[in-house]
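For reference, the structure discussed in these notes is given below.
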Amino acid sequence: ISLQAFLTGKLREVSTKSGNYACISDDLAAQASSAVDRGLRLILDSQVVVNGQKTAWCAQYNEETLECARGRSYELASISGDESVNVVRFLMNYDEPSQEIIDAVNSSVAFLKSHTIMDKKLVRIKDPTLEFGRKRILADVEGKTVWPRFINLETLRPLFSNRQGDKLDSYDQVSYERSEKYSWVVTSPGKMFKNDYPKWQAKHSPDFNGLISETETGQGCLQGALPQIWLGDFAQ
């Protein structure tokens with residue numbers, strides 16, 4: 001879905017004859033504009049809804065059913081805590097967003113915010129006795145935050161896996177090879193929360209801030225409270 005957002009963004013540049021596309025014909029720009037409309041519609045329609053609540057986006061979708069699908073064996077069908085950020089950034093690039101776009105941005109930001117894992121950081125520790133000479137652990141680091149790369153579609157808890165495609169509930173269940181050669185937690189939502197969303201929210205959604213929970217404001221555009229992460233075994 002991240003690639004879909006990227007390509008639709010490029011087509012927007014073509015449709016408006018921006019930058020390097022200033023010399024294209026009006027006919028080609030019109031075709032690009034039509035494609036942008038279809039691409040945007042696909043992105044908005046593919047936002048995952050769980051129990052009537054808009055969440056974020058999956059990394060991959062089935063090309064025929066448009067349902068969430070797995071990628072590689074260890075990339076299970078799930079909500080993406082990483083690629084959803086690129087989709088939100090694409091939607092925030094609209095200068096005059098529709099209410100549907102505003103709602104999609106706010107609901108996905110609120111969902112990702114609710115899945116923040118506080119006071120954790122992925123760190124590397126040297127260990128020459130191990131195959132790769134190091135290991136990565138989720139360490140307690142005050143003030144640091146991470147997000148799960150994958151979120152279970154049913155439980156809305158962090159999701160991990162192995163090369164066999166098993167569903168795993170905690171980071172410490174991931175094999176040494178997969179913990180070293182794949183990133184199961186990400187920091188991209190935090191960068192968006194700090195640098196991009198506040199400016200967009202102040203301009204396009206002054207009455208609702210997805211970074212502030214309903215319990216903090218007493219109100220919100222979302223129906224019901226968003227699920228919170230219980231660290232549990234994630235704190236191992």
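By convention in this document, the chains of the structure tokens carry letters A, B, ... by their order, each chain's residues are numbered from 1, and ligands are numbered from 1 in the order they are shown.
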Helix (DSSP H, G or I) positions in chain A, given as a ChimeraX atom specification: /A:2-15,19-21,26-45,83-92,99-114,171-173,176-181,188-195,197-204,214-217,232-235
So that each row is one residue of segment 69-97 of chain A with an atom at most 10 Å from segment 105-128 of chain A, can you give its shortest atom pair and the distance in Å to one decimal, using only C-alpha atoms, rows by chain and rising number, as JSON lines?
{"residue": "A:Ser80", "atom": "CA", "partner": "A:Leu112", "partner_atom": "CA", "distance": 9.5}
{"residue": "A:Gly81", "atom": "CA", "partner": "A:Leu112", "partner_atom": "CA", "distance": 6.8}
{"residue": "A:Asp82", "atom": "CA", "partner": "A:Leu112", "partner_atom": "CA", "distance": 9.5}
{"residue": "A:Ser84", "atom": "CA", "partner": "A:Ser108", "partner_atom": "CA", "distance": 8.0}
{"residue": "A:Val85", "atom": "CA", "partner": "A:Val109", "partner_atom": "CA", "distance": 8.6}
{"residue": "A:Val87", "atom": "CA", "partner": "A:Val105", "partner_atom": "CA", "distance": 8.9}
{"residue": "A:Val88", "atom": "CA", "partner": "A:Val105", "partner_atom": "CA", "distance": 5.8}
{"residue": "A:Arg89", "atom": "CA", "partner": "A:Val105", "partner_atom": "CA", "distance": 8.6}
{"residue": "A:Phe90", "atom": "CA", "partner": "A:Val105", "partner_atom": "CA", "distance": 9.7}
{"residue": "A:Leu91", "atom": "CA", "partner": "A:Val105", "partner_atom": "CA", "distance": 6.9}
{"residue": "A:Met92", "atom": "CA", "partner": "A:Val105", "partner_atom": "CA", "distance": 7.3}
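Between Arg38 of chain A and the residues A:Ala139, A:Leu7, A:Asn195, A:Glu67, the shortest atom-to-atom distance, using only C-alpha atoms, involves A:Leu7.
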Residues of segment 5-235 of chain A in strand (DSSP E or B), written as a count of residues only: 41
Within 10 Å of segment 157-164 of chain A, counting only C-alpha atoms, which residues qualify if same-chain residues fewer than 6 places away don't, as a ChimeraX atom specification? /A:72-81,115,117,147-151,170-179,184-185,227-231,234
Enumerate, in order of chain and increasing residue number, the residues of segment 23-127 of chain A with an atom no farther than 12 Å from segment 8-11 of chain A, each with its shortest atom pair and distance in Å to one decimal, counting only C-alpha atoms, as JSON lines.
{"residue": "A:Leu28", "atom": "CA", "partner": "A:Leu11", "partner_atom": "CA", "distance": 10.3}
{"residue": "A:Ala29", "atom": "CA", "partner": "A:Leu11", "partner_atom": "CA", "distance": 8.7}
{"residue": "A:Ala30", "atom": "CA", "partner": "A:Leu11", "partner_atom": "CA", "distance": 10.4}
{"residue": "A:Gln31", "atom": "CA", "partner": "A:Leu11", "partner_atom": "CA", "distance": 9.3}
{"residue": "A:Ala32", "atom": "CA", "partner": "A:Leu11", "partner_atom": "CA", "distance": 5.6}
{"residue": "A:Ser33", "atom": "CA", "partner": "A:Leu11", "partner_atom": "CA", "distance": 7.2}
{"residue": "A:Ser34", "atom": "CA", "partner": "A:Leu11", "partner_atom": "CA", "distance": 9.4}
{"residue": "A:Ala35", "atom": "CA", "partner": "A:Leu11", "partner_atom": "CA", "distance": 7.3}
{"residue": "A:Val36", "atom": "CA", "partner": "A:Thr8", "partner_atom": "CA", "distance": 5.6}
{"residue": "A:Asp37", "atom": "CA", "partner": "A:Thr8", "partner_atom": "CA", "distance": 8.7}
{"residue": "A:Arg38", "atom": "CA", "partner": "A:Thr8", "partner_atom": "CA", "distance": 8.9}
{"residue": "A:Gly39", "atom": "CA", "partner": "A:Thr8", "partner_atom": "CA", "distance": 5.8}
{"residue": "A:Leu40", "atom": "CA", "partner": "A:Thr8", "partner_atom": "CA", "distance": 7.2}
{"residue": "A:Arg41", "atom": "CA", "partner": "A:Thr8", "partner_atom": "CA", "distance": 10.5}
{"residue": "A:Leu42", "atom": "CA", "partner": "A:Thr8", "partner_atom": "CA", "distance": 10.2}
{"residue": "A:Ile43", "atom": "CA", "partner": "A:Thr8", "partner_atom": "CA", "distance": 9.5}
{"residue": "A:Asn86", "atom": "CA", "partner": "A:Gly9", "partner_atom": "CA", "distance": 10.8}
{"residue": "A:Val87", "atom": "CA", "partner": "A:Gly9", "partner_atom": "CA", "distance": 10.0}
{"residue": "A:Val88", "atom": "CA", "partner": "A:Gly9", "partner_atom": "CA", "distance": 11.8}
{"residue": "A:Arg89", "atom": "CA", "partner": "A:Gly9", "partner_atom": "CA", "distance": 10.1}
{"residue": "A:Phe90", "atom": "CA", "partner": "A:Gly9", "partner_atom": "CA", "distance": 6.7}
{"residue": "A:Leu91", "atom": "CA", "partner": "A:Gly9", "partner_atom": "CA", "distance": 9.1}
{"residue": "A:Met92", "atom": "CA", "partner": "A:Gly9", "partner_atom": "CA", "distance": 11.0}
{"residue": "A:Asn93", "atom": "CA", "partner": "A:Gly9", "partner_atom": "CA", "distance": 8.6}
{"residue": "A:Tyr94", "atom": "CA", "partner": "A:Gly9", "partner_atom": "CA", "distance": 9.8}
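Among the candidates A:Glu63, A:Glu13, A:Glu83, A:Asp26, the residue lying nearest to Ile1 of chain A is A:Glu83 (atoms considered: only C-alpha atoms).
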Take atom CA of Leu3 of chain A and atom CA of Lys167 of chain A and report the distance between them in Å, one decimal. 25.4 Å
